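model_7.txt (compact mmCIF, C-alpha atoms)
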# COMPACT_ATOMS: atom_id res chain seq x y z
CA MET A 189 52.17 -15.39 10.16
CA ASP A 190 52.78 -16.85 13.63
CA THR A 191 53.86 -13.48 14.94
CA ARG A 192 50.63 -11.88 13.71
CA ARG A 193 48.54 -14.63 15.36
CA GLU A 194 50.43 -14.13 18.59
CA ASP A 195 49.77 -10.38 18.42
CA VAL A 196 46.02 -10.95 18.05
CA SER A 197 45.98 -13.41 20.94
CA ILE A 198 47.94 -11.00 23.15
CA SER A 199 45.52 -8.17 22.27
CA ILE A 200 42.46 -10.29 23.04
CA ARG A 201 43.95 -11.43 26.34
CA SER A 202 44.82 -7.86 27.18
CA ALA A 203 41.27 -6.67 26.40
CA PHE A 204 39.30 -9.42 28.15
CA LEU A 205 41.51 -10.83 30.91
CA ARG A 206 43.54 -7.93 32.27
CA LYS A 207 41.87 -5.65 34.78
CA GLY A 208 43.71 -2.54 33.65
CA ALA A 209 45.03 0.28 35.80
CA GLN A 210 41.75 1.38 37.40
CA GLN A 211 39.46 -1.58 36.72
CA ARG A 212 38.40 -3.77 39.62
CA PHE A 213 36.86 -6.55 37.54
CA SER A 214 38.05 -8.30 34.39
CA LEU A 215 35.65 -8.35 31.44
CA LEU A 216 35.77 -12.14 31.15
CA GLY A 217 34.81 -12.55 34.82
CA LEU A 218 31.80 -10.25 34.41
CA ILE A 219 30.76 -11.95 31.16
CA ILE A 220 30.73 -15.29 33.01
CA VAL A 221 28.63 -13.74 35.81
CA SER A 222 26.16 -12.40 33.18
CA VAL A 223 25.82 -15.83 31.55
CA LEU A 224 25.24 -17.39 34.99
CA LEU A 225 22.57 -14.77 35.73
CA ILE A 226 20.77 -15.56 32.46
CA PHE A 227 20.87 -19.26 33.36
CA ILE A 228 19.64 -18.62 36.93
CA GLU A 229 16.78 -16.48 35.53
CA THR A 230 15.23 -19.65 34.05
CA ILE A 231 15.21 -21.45 37.44
CA GLU A 232 12.05 -21.03 39.54
CA LEU A 233 12.95 -21.47 43.23
CA LYS A 234 11.37 -19.67 46.20
CA PRO A 235 14.64 -18.25 47.66
CA LEU A 236 15.74 -17.14 44.17
CA ASN A 237 12.35 -15.52 43.52
CA THR A 238 12.63 -13.67 46.86
CA VAL A 239 16.08 -12.32 45.94
CA ARG A 240 14.85 -11.39 42.43
CA SER A 241 11.80 -9.61 43.88
CA PHE A 242 14.00 -7.66 46.29
CA ILE A 243 16.44 -6.59 43.53
CA LYS A 244 13.62 -5.63 41.17
CA ASP A 245 11.79 -3.63 43.87
CA LEU A 246 14.99 -1.79 44.71
CA ILE A 247 15.69 -0.93 41.05
CA TYR A 248 12.08 0.10 40.36
CA ARG A 249 12.16 2.51 43.31
CA SER A 250 15.52 3.94 42.13
CA ALA A 251 14.12 4.23 38.59
CA VAL A 252 11.12 6.16 39.90
CA VAL A 253 13.51 8.65 41.54
CA ALA A 254 15.73 8.82 38.42
CA THR A 255 12.76 9.58 36.17
CA TYR A 256 11.70 12.57 38.28
CA PRO A 257 13.68 15.09 36.16
CA THR A 258 12.03 13.76 32.98
CA LYS A 259 8.61 13.80 34.61
CA ILE A 260 9.16 17.31 35.98
CA TYR A 261 10.27 18.50 32.53
CA ALA A 262 7.22 16.92 30.87
CA THR A 263 4.88 18.30 33.52
CA THR A 264 6.41 21.78 33.31
CA SER A 265 6.25 21.92 29.51
CA ILE A 266 2.62 20.75 29.56
CA PHE A 267 1.90 23.35 32.25
CA ILE A 268 3.41 26.15 30.16
CA VAL A 269 1.56 25.10 27.01
CA ASN A 270 -1.68 24.84 28.97
CA HIS A 271 -1.07 28.23 30.51
CA PHE A 272 -0.78 29.89 27.12
CA THR A 273 -3.84 28.16 25.69
CA LEU A 274 -5.88 28.65 28.84
CA TYR A 275 -6.53 32.34 28.38
CA ASN A 276 -8.08 31.86 24.94
CA ASN A 277 -10.43 29.21 26.21
CA TYR A 278 -11.20 30.88 29.50
CA ASN A 279 -14.67 32.25 28.78
CA GLU A 280 -15.73 29.16 26.93
CA THR A 281 -14.60 26.95 29.83
CA ILE A 282 -16.56 28.98 32.36
CA GLU A 283 -19.71 28.48 30.33
CA GLU A 284 -19.02 24.77 29.97
CA ASN A 285 -18.25 24.50 33.66
CA LYS A 286 -21.62 26.04 34.55
CA LYS A 287 -23.41 23.56 32.33
CA LEU A 288 -21.44 20.61 33.72
CA LYS A 289 -22.07 21.66 37.31
CA SER A 290 -25.79 21.77 36.67
CA LYS A 291 -25.55 18.33 35.05
CA ILE A 292 -23.54 16.94 37.99
CA SER A 293 -26.12 18.18 40.47
CA ASP A 294 -28.84 16.57 38.34
CA THR A 295 -26.89 13.28 38.28
CA ASP A 296 -26.25 13.40 42.03
CA PHE A 297 -29.93 13.91 42.63
CA LEU A 298 -30.81 10.97 40.36
CA LYS A 299 -28.20 8.72 42.06
CA LEU A 300 -29.56 9.56 45.50
CA GLU A 301 -33.09 8.96 44.34
CA ASN A 302 -32.02 5.62 42.78
CA ILE A 303 -30.38 4.42 46.02
CA GLN A 304 -33.43 5.43 48.06
CA LEU A 305 -35.75 3.59 45.68
CA ARG A 306 -33.52 0.48 45.72
CA GLN A 307 -33.53 0.51 49.51
CA LEU A 308 -37.28 0.85 49.36
CA ILE A 309 -37.60 -2.41 47.40
CA ASN A 310 -34.80 -4.09 49.49
CA GLU A 311 -32.62 -4.70 46.45
CA GLN A 312 -28.94 -5.27 47.11
CA VAL A 313 -26.68 -2.67 45.57
CA GLU A 314 -23.81 -4.37 43.78
CA SER A 315 -20.44 -3.58 45.29
CA SER A 316 -17.21 -3.28 43.34
CA SER A 317 -15.04 -4.52 46.22
CA SER A 318 -13.29 -7.06 43.95
CA LEU A 319 -11.43 -4.13 42.38
CA MET A 320 -8.30 -2.53 43.77
CA SER A 321 -6.81 0.69 42.47
CA ALA A 322 -3.11 1.05 41.72
CA ARG A 323 -0.86 3.79 40.43
CA VAL A 324 1.42 3.32 37.41
CA ILE A 325 4.93 4.07 38.68
CA LEU A 326 7.02 3.14 35.66
CA ASP A 327 5.89 3.09 32.05
CA LYS A 328 8.90 2.33 29.90
CA GLN A 329 7.96 0.48 26.74
CA SER A 330 10.66 -1.90 25.62
CA PRO A 331 10.76 -3.13 22.01
CA TYR A 332 9.68 -6.64 23.01
CA LEU A 333 7.49 -6.05 26.03
CA ASN A 334 4.44 -3.79 26.14
CA SER A 335 4.14 -3.47 29.88
CA PHE A 336 4.28 -1.13 32.87
CA ILE A 337 4.92 -1.29 36.61
CA ILE A 338 2.27 -0.59 39.26
CA ASN A 339 2.83 0.30 42.91
CA ILE A 340 1.20 -2.72 44.59
CA GLY A 341 2.32 -6.33 44.81
CA LEU A 342 2.29 -9.15 47.33
CA ASN A 343 1.60 -6.56 50.07
CA LYS A 344 -1.91 -6.15 48.61
CA ASN A 345 -2.40 -9.83 47.76
CA ILE A 346 -1.85 -9.32 44.03
CA LYS A 347 -1.35 -12.57 42.10
CA LYS A 348 -0.11 -13.49 38.64
CA GLY A 349 -2.87 -13.61 36.03
CA MET A 350 -5.20 -11.03 37.58
CA ALA A 351 -7.00 -8.80 35.09
CA VAL A 352 -6.02 -5.13 34.94
CA LEU A 353 -8.64 -2.56 33.98
CA ASP A 354 -8.67 1.06 32.96
CA GLY A 355 -11.91 2.16 34.63
CA LYS A 356 -14.10 -0.79 33.63
CA ASN A 357 -12.24 -1.71 30.43
CA PHE A 358 -9.77 -4.58 30.15
CA ILE A 359 -6.19 -3.56 29.30
CA GLY A 360 -3.93 -6.41 30.43
CA ARG A 361 -2.94 -8.86 33.14
CA ILE A 362 -0.40 -9.21 35.94
CA VAL A 363 2.67 -11.22 34.87
CA ASP A 364 5.24 -10.54 37.58
CA VAL A 365 4.60 -9.85 41.27
CA ASN A 366 7.16 -8.41 43.70
CA PHE A 367 6.67 -7.30 47.32
CA PHE A 368 5.69 -3.71 46.57
CA SER A 369 5.30 -3.67 42.78
CA SER A 370 3.97 -5.74 39.91
CA ARG A 371 4.42 -5.81 36.14
CA VAL A 372 1.32 -5.53 33.94
CA LEU A 373 1.53 -7.14 30.48
CA LEU A 374 -0.63 -5.09 28.15
CA VAL A 375 -3.15 -6.75 25.88
CA THR A 376 -1.21 -5.44 22.84
CA ASP A 377 1.96 -7.38 23.70
CA LEU A 378 3.13 -10.19 21.42
CA ASN A 379 2.75 -12.68 24.30
CA SER A 380 -0.81 -11.67 25.17
CA LYS A 381 -3.55 -14.21 24.29
CA ILE A 382 -6.96 -13.53 25.89
CA PRO A 383 -10.13 -15.62 25.37
CA VAL A 384 -12.94 -13.28 24.36
CA ILE A 385 -16.56 -13.33 23.21
CA VAL A 386 -17.91 -11.04 20.48
CA GLU A 387 -21.42 -9.71 20.97
CA PRO A 388 -24.12 -9.78 19.64
CA SER A 389 -23.05 -12.79 17.50
CA GLY A 390 -21.72 -14.65 20.59
CA ALA A 391 -18.64 -15.85 18.68
CA HIS A 392 -15.72 -17.06 20.83
CA ALA A 393 -12.17 -16.08 19.83
CA ILE A 394 -8.65 -15.49 21.11
CA LEU A 395 -7.54 -11.86 21.22
CA SER A 396 -3.85 -11.75 20.27
CA GLY A 397 -1.51 -8.81 20.63
CA TYR A 398 0.84 -7.89 17.81
CA GLY A 399 2.69 -4.97 19.40
CA GLU A 400 2.22 -1.30 18.56
CA ASN A 401 -1.44 -1.19 19.65
CA LYS A 402 -2.47 -3.83 17.07
CA LEU A 403 -4.95 -6.49 18.25
CA ILE A 404 -6.33 -9.34 16.16
CA LEU A 405 -9.17 -11.83 16.77
CA GLU A 406 -7.89 -15.35 16.11
CA TYR A 407 -9.46 -18.84 16.07
CA LEU A 408 -12.92 -17.55 15.09
CA SER A 409 -15.23 -20.20 13.67
CA GLU A 410 -15.41 -20.28 9.85
CA ASN A 411 -19.09 -19.20 9.76
CA HIS A 412 -18.75 -16.35 12.22
CA LYS A 413 -20.93 -13.26 11.78
CA VAL A 414 -18.62 -10.66 13.31
CA LYS A 415 -19.01 -7.20 11.81
CA ASP A 416 -17.71 -3.68 12.35
CA GLY A 417 -18.62 -2.18 15.70
CA ASP A 418 -19.40 -5.49 17.46
CA LYS A 419 -18.46 -5.36 21.13
CA VAL A 420 -15.65 -7.57 22.47
CA TYR A 421 -15.77 -8.85 26.08
CA THR A 422 -13.64 -11.30 28.09
CA SER A 423 -15.28 -14.73 27.96
CA GLY A 424 -13.83 -16.00 31.26
CA LYS A 425 -13.17 -19.35 29.57
CA GLU A 426 -9.72 -19.79 31.12
CA GLY A 427 -11.29 -19.49 34.59
CA ILE A 428 -9.07 -16.59 35.71
CA PHE A 429 -10.75 -13.44 34.42
CA THR A 430 -14.30 -12.47 35.26
CA PRO A 431 -16.46 -12.89 32.13
CA GLY A 432 -18.01 -9.80 30.56
CA ILE A 433 -15.24 -7.25 31.04
CA ALA A 434 -15.41 -4.81 28.12
CA VAL A 435 -12.32 -4.85 25.86
CA GLY A 436 -13.09 -2.95 22.66
CA GLU A 437 -14.86 -2.93 19.31
CA ALA A 438 -14.33 -5.19 16.29
CA LYS A 439 -13.06 -3.65 13.08
CA THR A 440 -13.12 -5.90 10.02
CA LYS A 441 -10.19 -5.68 7.62
CA LYS A 442 -9.58 -7.60 4.41
CA GLU A 443 -7.26 -10.21 5.88
CA ASN A 444 -8.35 -10.30 9.54
CA ILE A 445 -10.56 -8.82 12.23
CA GLN A 446 -8.87 -6.24 14.42
CA VAL A 447 -10.02 -4.83 17.73
CA LYS A 448 -9.95 -1.17 18.72
CA LEU A 449 -9.52 -0.87 22.49
CA TYR A 450 -11.83 1.34 24.53
CA SER A 451 -8.81 2.61 26.49
CA ASP A 452 -5.79 4.56 25.32
CA LEU A 453 -2.82 2.53 26.59
CA ASN A 454 -0.44 5.50 26.35
CA GLN A 455 -2.34 7.53 28.93
CA MET A 456 -2.30 5.27 32.00
CA THR A 457 -1.90 6.83 35.45
CA PHE A 458 -4.27 4.76 37.59
CA VAL A 459 -5.54 1.26 36.92
CA ASN A 460 -7.90 -1.17 38.65
CA ILE A 461 -6.92 -4.74 39.46
CA ASN A 462 -9.78 -7.20 39.18
CA PHE A 463 -9.30 -9.95 41.75
CA GLY A 464 -11.84 -12.03 39.79
CA ASN A 465 -11.76 -15.78 40.36
CA LEU A 466 -8.19 -15.67 41.70
CA GLU A 467 -9.23 -13.90 44.92
CA ASN A 468 -10.00 -17.06 46.88
CA ASN A 469 -7.63 -19.41 45.06
CA GLU A 470 -4.44 -20.49 46.77
CA GLU A 471 -1.24 -19.67 44.98
CA MET L 137 36.12 29.60 46.55
CA SER L 138 36.90 29.77 42.83
CA ILE L 139 39.28 26.81 43.15
CA SER L 140 36.65 24.67 44.84
CA SER L 141 34.06 25.47 42.18
CA ARG L 142 36.63 24.55 39.52
CA GLU L 143 37.31 21.30 41.35
CA PHE L 144 33.60 20.64 41.56
CA SER L 145 33.07 21.25 37.83
CA TYR L 146 36.08 19.01 37.03
CA LYS L 147 34.66 16.25 39.28
CA PHE L 148 31.25 16.63 37.67
CA ILE L 149 32.60 16.45 34.12
CA SER L 150 34.78 13.44 34.94
CA LEU L 151 31.75 11.68 36.44
CA LEU L 152 29.52 12.57 33.48
CA PRO L 153 29.99 9.26 31.59
CA ILE L 154 28.97 7.24 34.66
CA LEU L 155 26.07 9.58 35.44
CA LEU L 156 24.85 9.31 31.84
CA LEU L 157 25.26 5.53 31.90
CA PHE L 158 23.11 5.12 35.01
CA TYR L 159 20.62 7.80 34.00
CA ILE L 160 19.78 6.11 30.70
CA SER L 161 19.59 2.72 32.43
CA LEU L 162 17.28 3.86 35.22
CA ASN L 163 15.22 6.02 32.88
CA GLY L 164 14.75 3.08 30.50
CA SER L 165 15.95 5.18 27.59
CA SER L 166 18.87 3.03 26.45
CA VAL L 167 17.07 2.50 23.13
CA ILE L 168 15.50 5.58 21.55
CA ASN L 169 12.61 4.78 19.23
CA ILE L 170 11.35 7.65 17.08
CA LYS L 171 8.93 6.40 14.43
CA PHE L 172 11.01 4.18 12.14
CA ILE L 173 14.36 5.09 13.73
CA SER L 174 15.74 3.06 16.63
CA VAL L 175 19.10 3.93 18.21
CA ASN L 176 20.86 2.15 21.08
CA ILE L 177 22.71 4.98 22.84
CA HIS L 178 23.82 2.60 25.59
CA TYR L 179 26.12 0.76 23.16
CA ILE L 180 27.54 4.01 21.74
CA LEU L 181 28.20 5.43 25.22
CA VAL L 182 30.00 2.31 26.44
CA TYR L 183 31.96 1.87 23.20
CA PHE L 184 33.15 5.48 23.04
CA TRP L 185 34.27 5.79 26.66
CA VAL L 186 35.93 2.38 26.92
CA LEU L 187 37.77 3.15 23.68
CA ARG L 188 38.83 6.70 24.45
CA GLN L 189 39.01 6.98 28.24
CA PRO L 190 38.60 3.56 29.87
CA HIS L 191 39.19 4.73 33.42
CA SER L 192 36.03 6.91 33.19
CA LEU L 193 33.80 3.85 32.86
CA GLY L 194 34.60 0.80 34.99
CA HIS L 195 33.61 -2.68 33.90
CA GLY L 196 31.63 -3.13 37.11
CA TYR L 197 29.55 -0.02 36.36
CA ILE L 198 28.84 -1.27 32.83
CA PHE L 199 27.69 -4.62 34.22
CA LEU L 200 25.49 -2.95 36.84
CA SER L 201 23.89 -0.58 34.34
CA GLY L 202 23.07 -3.57 32.12
CA ILE L 203 21.36 -5.30 35.04
CA ILE L 204 19.34 -2.13 35.77
CA SER L 205 18.31 -1.87 32.10
CA ASP L 206 17.18 -5.51 32.16
CA VAL L 207 14.97 -4.94 35.21
CA VAL L 208 13.52 -1.63 34.01
CA LEU L 209 12.75 -2.90 30.50
CA GLY L 210 11.61 -6.36 31.65
CA PHE L 211 14.33 -8.46 30.03
CA PRO L 212 15.94 -11.55 31.59
CA LEU L 213 18.62 -10.50 34.13
CA GLY L 214 22.07 -10.49 32.55
CA SER L 215 21.15 -10.16 28.85
CA ASN L 216 21.88 -6.44 28.51
CA SER L 217 24.98 -6.73 30.72
CA LEU L 218 26.33 -9.47 28.47
CA ALA L 219 25.81 -7.35 25.34
CA LEU L 220 27.35 -4.24 26.95
CA LEU L 221 30.37 -6.20 28.20
CA PHE L 222 30.98 -7.49 24.67
CA VAL L 223 30.81 -3.92 23.36
CA ALA L 224 33.35 -2.96 26.05
CA GLY L 225 35.49 -5.98 25.14
CA VAL L 226 35.65 -5.06 21.46
CA ALA L 227 36.41 -1.46 22.40
CA SER L 228 39.26 -2.60 24.68
CA TYR L 229 40.65 -4.78 21.88
CA VAL L 230 40.47 -1.91 19.37
CA ARG L 231 42.18 0.37 21.88
CA VAL L 232 45.05 -2.10 22.20
CA VAL L 233 45.58 -2.58 18.46
CA THR L 234 45.12 0.99 17.17
CA VAL L 235 47.43 3.96 17.51
CA ARG L 236 45.67 6.85 15.76
CA VAL L 237 42.27 8.03 16.99
CA THR L 238 39.97 9.16 14.17
CA LEU L 239 36.22 9.16 13.74
CA ILE L 240 36.44 6.83 10.72
CA ASN L 241 38.58 4.29 12.63
CA ASP L 242 36.20 4.35 15.59
CA TRP L 243 33.16 4.18 13.34
CA ILE L 244 34.34 1.20 11.30
CA SER L 245 35.51 -0.71 14.37
CA PHE L 246 32.08 -0.11 15.93
CA ILE L 247 30.58 -2.60 13.39
CA PRO L 248 32.10 -5.76 14.98
CA ALA L 249 31.17 -4.41 18.43
CA LEU L 250 27.53 -4.08 17.34
CA LEU L 251 27.53 -7.49 15.67
CA PHE L 252 29.04 -9.26 18.70
CA ALA L 253 26.78 -7.46 21.18
CA ASN L 254 23.56 -8.14 19.26
CA PHE L 255 24.57 -11.73 18.55
CA PHE L 256 24.99 -12.56 22.24
CA TYR L 257 22.02 -10.39 23.24
CA TYR L 258 19.65 -12.27 20.96
CA ILE L 259 21.05 -15.65 21.97
CA ALA L 260 20.29 -14.65 25.58
CA LEU L 261 16.73 -13.62 24.59
CA TYR L 262 16.25 -16.80 22.54
CA TYR L 263 17.15 -19.04 25.50
CA SER L 264 14.83 -17.03 27.76
CA ASP L 265 11.85 -17.59 25.40
CA PHE L 266 11.57 -13.96 24.39
CA PRO L 267 10.05 -13.14 20.98
CA ILE L 268 12.77 -11.98 18.57
CA ASP L 269 11.99 -9.47 15.85
CA TYR L 270 14.83 -9.83 13.36
CA PHE L 271 13.75 -6.79 11.37
CA TYR L 272 13.93 -4.70 14.53
CA LEU L 273 17.42 -6.08 15.20
CA LEU L 274 18.56 -5.05 11.73
CA LYS L 275 16.92 -1.63 11.98
CA ASN L 276 18.37 -0.96 15.45
CA SER L 277 21.89 -2.03 14.47
CA LEU L 278 21.79 0.06 11.29
CA PHE L 279 20.57 3.25 12.94
CA THR L 280 22.89 2.81 15.93
CA PHE L 281 25.78 2.61 13.47
CA ILE L 282 24.55 5.65 11.48
CA PHE L 283 23.96 7.69 14.65
CA TYR L 284 27.43 6.94 16.10
CA PRO L 285 29.22 10.05 14.66
CA VAL L 286 26.65 12.40 16.22
CA LEU L 287 27.31 11.10 19.73
CA TRP L 288 31.03 10.78 18.92
CA VAL L 289 31.17 14.56 18.40
CA ILE L 290 29.24 15.29 21.62
CA PHE L 291 31.33 12.88 23.70
CA SER L 292 34.56 14.21 22.17
CA LEU L 293 33.56 17.68 23.37
CA ILE L 294 33.04 16.33 26.90
CA LEU L 295 36.39 14.53 26.65
CA ASN L 296 38.14 17.75 25.61
CA LEU L 297 36.50 19.53 28.54
CA MET L 298 37.82 16.84 30.86
CA LYS L 299 41.33 17.14 29.50
CA SER L 300 41.33 20.93 29.58
As structure tokens, what does this structure read like?
Amino acid sequence: MDTRREDVSISIRSAFLRKGAQQRFSLLGLIIVSVLLIFIETIELKPLNTVRSFIKDLIYRSAVVATYPTKIYATTSIFIVNHFTLYNNYNETIEENKKLKSKISDTDFLKLENIQLRQLINEQVESSSSLMSARVILDKQSPYLNSFIINIGLNKNIKKGMAVLDGKNFIGRIVDVNFFSSRVLLVTDLNSKIPVIVEPSGAHAILSGYGENKLILEYLSENHKVKDGDKVYTSGKEGIFTPGIAVGEAKTKKENIQVKLYSDLNQMTFVNINFGNLENNEE
Amino acid sequence: MSISSREFSYKFISLLPILLLFYISLNGSSVINIKFISVNIHYILVYFWVLRQPHSLGHGYIFLSGIISDVVLGFPLGSNSLALLFVAGVASYVRVVTVRVTLINDWISFIPALLFANFFYYIALYYSDFPIDYFYLLKNSLFTFIFYPVLWVIFSLILNLMKS
């Protein structure tokens, strides 16, 4: 019995403590380093955050390079499929293109006329300078985090909590800011809770993510009059997001009220960051 | 010229486990989710190579690839490394105590590796205030175990190429 116990202990020591012929580090040493890293991750200190930001930036950039073959493969396969389908749709597309061009010229004319008329009555044209565009550089969905990485960070004055839009529609918020990159937590994530208002009833609610593109309206008043197709906007109640950013449409189910987003979260290439009320706030 | 190309192909094949390890970490594809199926190929890769050819996959590389996975997938730094190092630890132990190499032996001994790795992984997530989906854990462990023989065959082919 004792001999068997000794054998097990020798085997465990051999596996975890010995470095082996070509191993530079022992497993136990690296396990201790990992545990220390997990512990350090919970500490919020400026020098630690700087080191973390630097490491994350470095790995994100390397990941962008490493994903090139996958991206090239995806782009090439899409290109080939498009090439084969293009010929069949060629004539139809030319016709459509003609119609669209005529529409675009009509719209341009109307825009120009609108600006001239506004200038005529001295009305200020609203500017959208509180928005900043960013490119999605890494979109790897992990099982517990619906998020992606964008290519701007502290270098463009991005701060935690800023709203992220697809066009003019709300899709998430900034949760992690590095020097040259930031992580966007999508509205569908389990950790996402956004105060919203449902129009036309004016009911206030919390929009909670449940993963896998499922969104539910919570904390609605008992006598709410929300029905299918009602529009959902950010309420701005938390004082960070600008109120009135479009989110999606309500869809009543038996047990709860779900929200269908205006944007498709799987198709993000460029996003807009809304500086909102955080623009002038100090960190 | 032919000798150098042979040397190059030998070098490439012997580096393949490390290249694969870092590629799946940087590409964020350590866990493959296809509809209901979820397979952790990171665990299988580390387990197989540490068990069958430990000098192809250093402990330091395993640790580093875990850190990269954590950053790319947004997990707390160190959680994936810890899980991968436990997989490597169990594989090292199994290598010490077993003599015959068979698929069944490897497959059965992969169960404690999975259990240990996921146990410490989820403890790490729990202490970092990450939401834990226990059903996902079960599903992932089960399919990783089921999928093991498929990758075992592929990796064995690479191993044979290395040895030849």
Show me, as a tab-separated table, the residues of chain L having an atom within 8 Å of chain A, each with the closest atom pair and its distance in Å, using all atoms listed in the file.
residue	atom	partner	partner_atom	distance
L:Tyr159	CA	A:Ala254	CA	6.7
L:Leu162	CA	A:Ala251	CA	4.6
L:Asn163	CA	A:Thr255	CA	5.4
L:Gly164	CA	A:Lys328	CA	5.9
L:Ser165	CA	A:Lys328	CA	7.9
L:His191	CA	A:Gln210	CA	5.8
L:Gly194	CA	A:Gln211	CA	5.7
L:His195	CA	A:Phe213	CA	6.2
L:Gly196	CA	A:Phe213	CA	6.3
L:Phe199	CA	A:Leu218	CA	7.0
L:Ile204	CA	A:Ile247	CA	6.5
L:Val207	CA	A:Lys244	CA	6.1
L:Val208	CA	A:Tyr248	CA	6.7
L:Leu209	CA	A:Ser330	CA	5.4
L:Gly210	CA	A:Leu333	CA	7.0
L:Pro212	CA	A:Ile226	CA	6.3
L:Leu213	CA	A:Ile226	CA	5.7
L:Gly214	CA	A:Ser222	CA	4.6
L:Ser215	CA	A:Ile226	CA	6.5
L:Ser217	CA	A:Ser222	CA	6.3
L:Leu218	CA	A:Ser222	CA	5.5
L:Leu221	CA	A:Ile219	CA	6.5
L:Phe222	CA	A:Ile219	CA	7.9
L:Ala224	CA	A:Leu215	CA	8.0
L:Gly225	CA	A:Phe204	CA	6.0
L:Val226	CA	A:Ala203	CA	7.7
L:Ser228	CA	A:Ala203	CA	4.9
L:Tyr229	CA	A:Ala203	CA	4.9
L:Val232	CA	A:Ser199	CA	6.1
L:Val233	CA	A:Ser199	CA	6.8
L:Ala260	CA	A:Ile226	CA	7.0
L:Ser264	CA	A:Thr230	CA	6.8
L:Phe266	CA	A:Tyr332	CA	7.7
L:Pro267	CA	A:Tyr332	CA	6.8
L:Ile268	CA	A:Tyr332	CA	7.6
- Query: What's the 10 Å shell around range 141-146 of chain L, counting only C-alpha atoms, without same-chain residues fewer than 3 positions away, as a ChimeraX atom specification?
  - Reply: /L:137-138,149-152,297-300
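Considering all atoms listed in the file, the residue among A:Leu300, A:His412, A:Phe458, A:Arg323 positioned nearest to Pro388 in chain A is A:His412.
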- Just give me the gap between CA of Gly436 in chain A and CA of Val384 in chain A in Å, one decimal is fine. 10.5 Å
- Message: At a cut-off of 10 Å, using only C-alpha atoms, what residues contact His392 in chain A? Leave out same-chain residues fewer than 2 positions from it and give the result as a PyMOL selection string.
- Response: chain A and resi 383-387+389-390+394-395+405-409+412+420-423+425
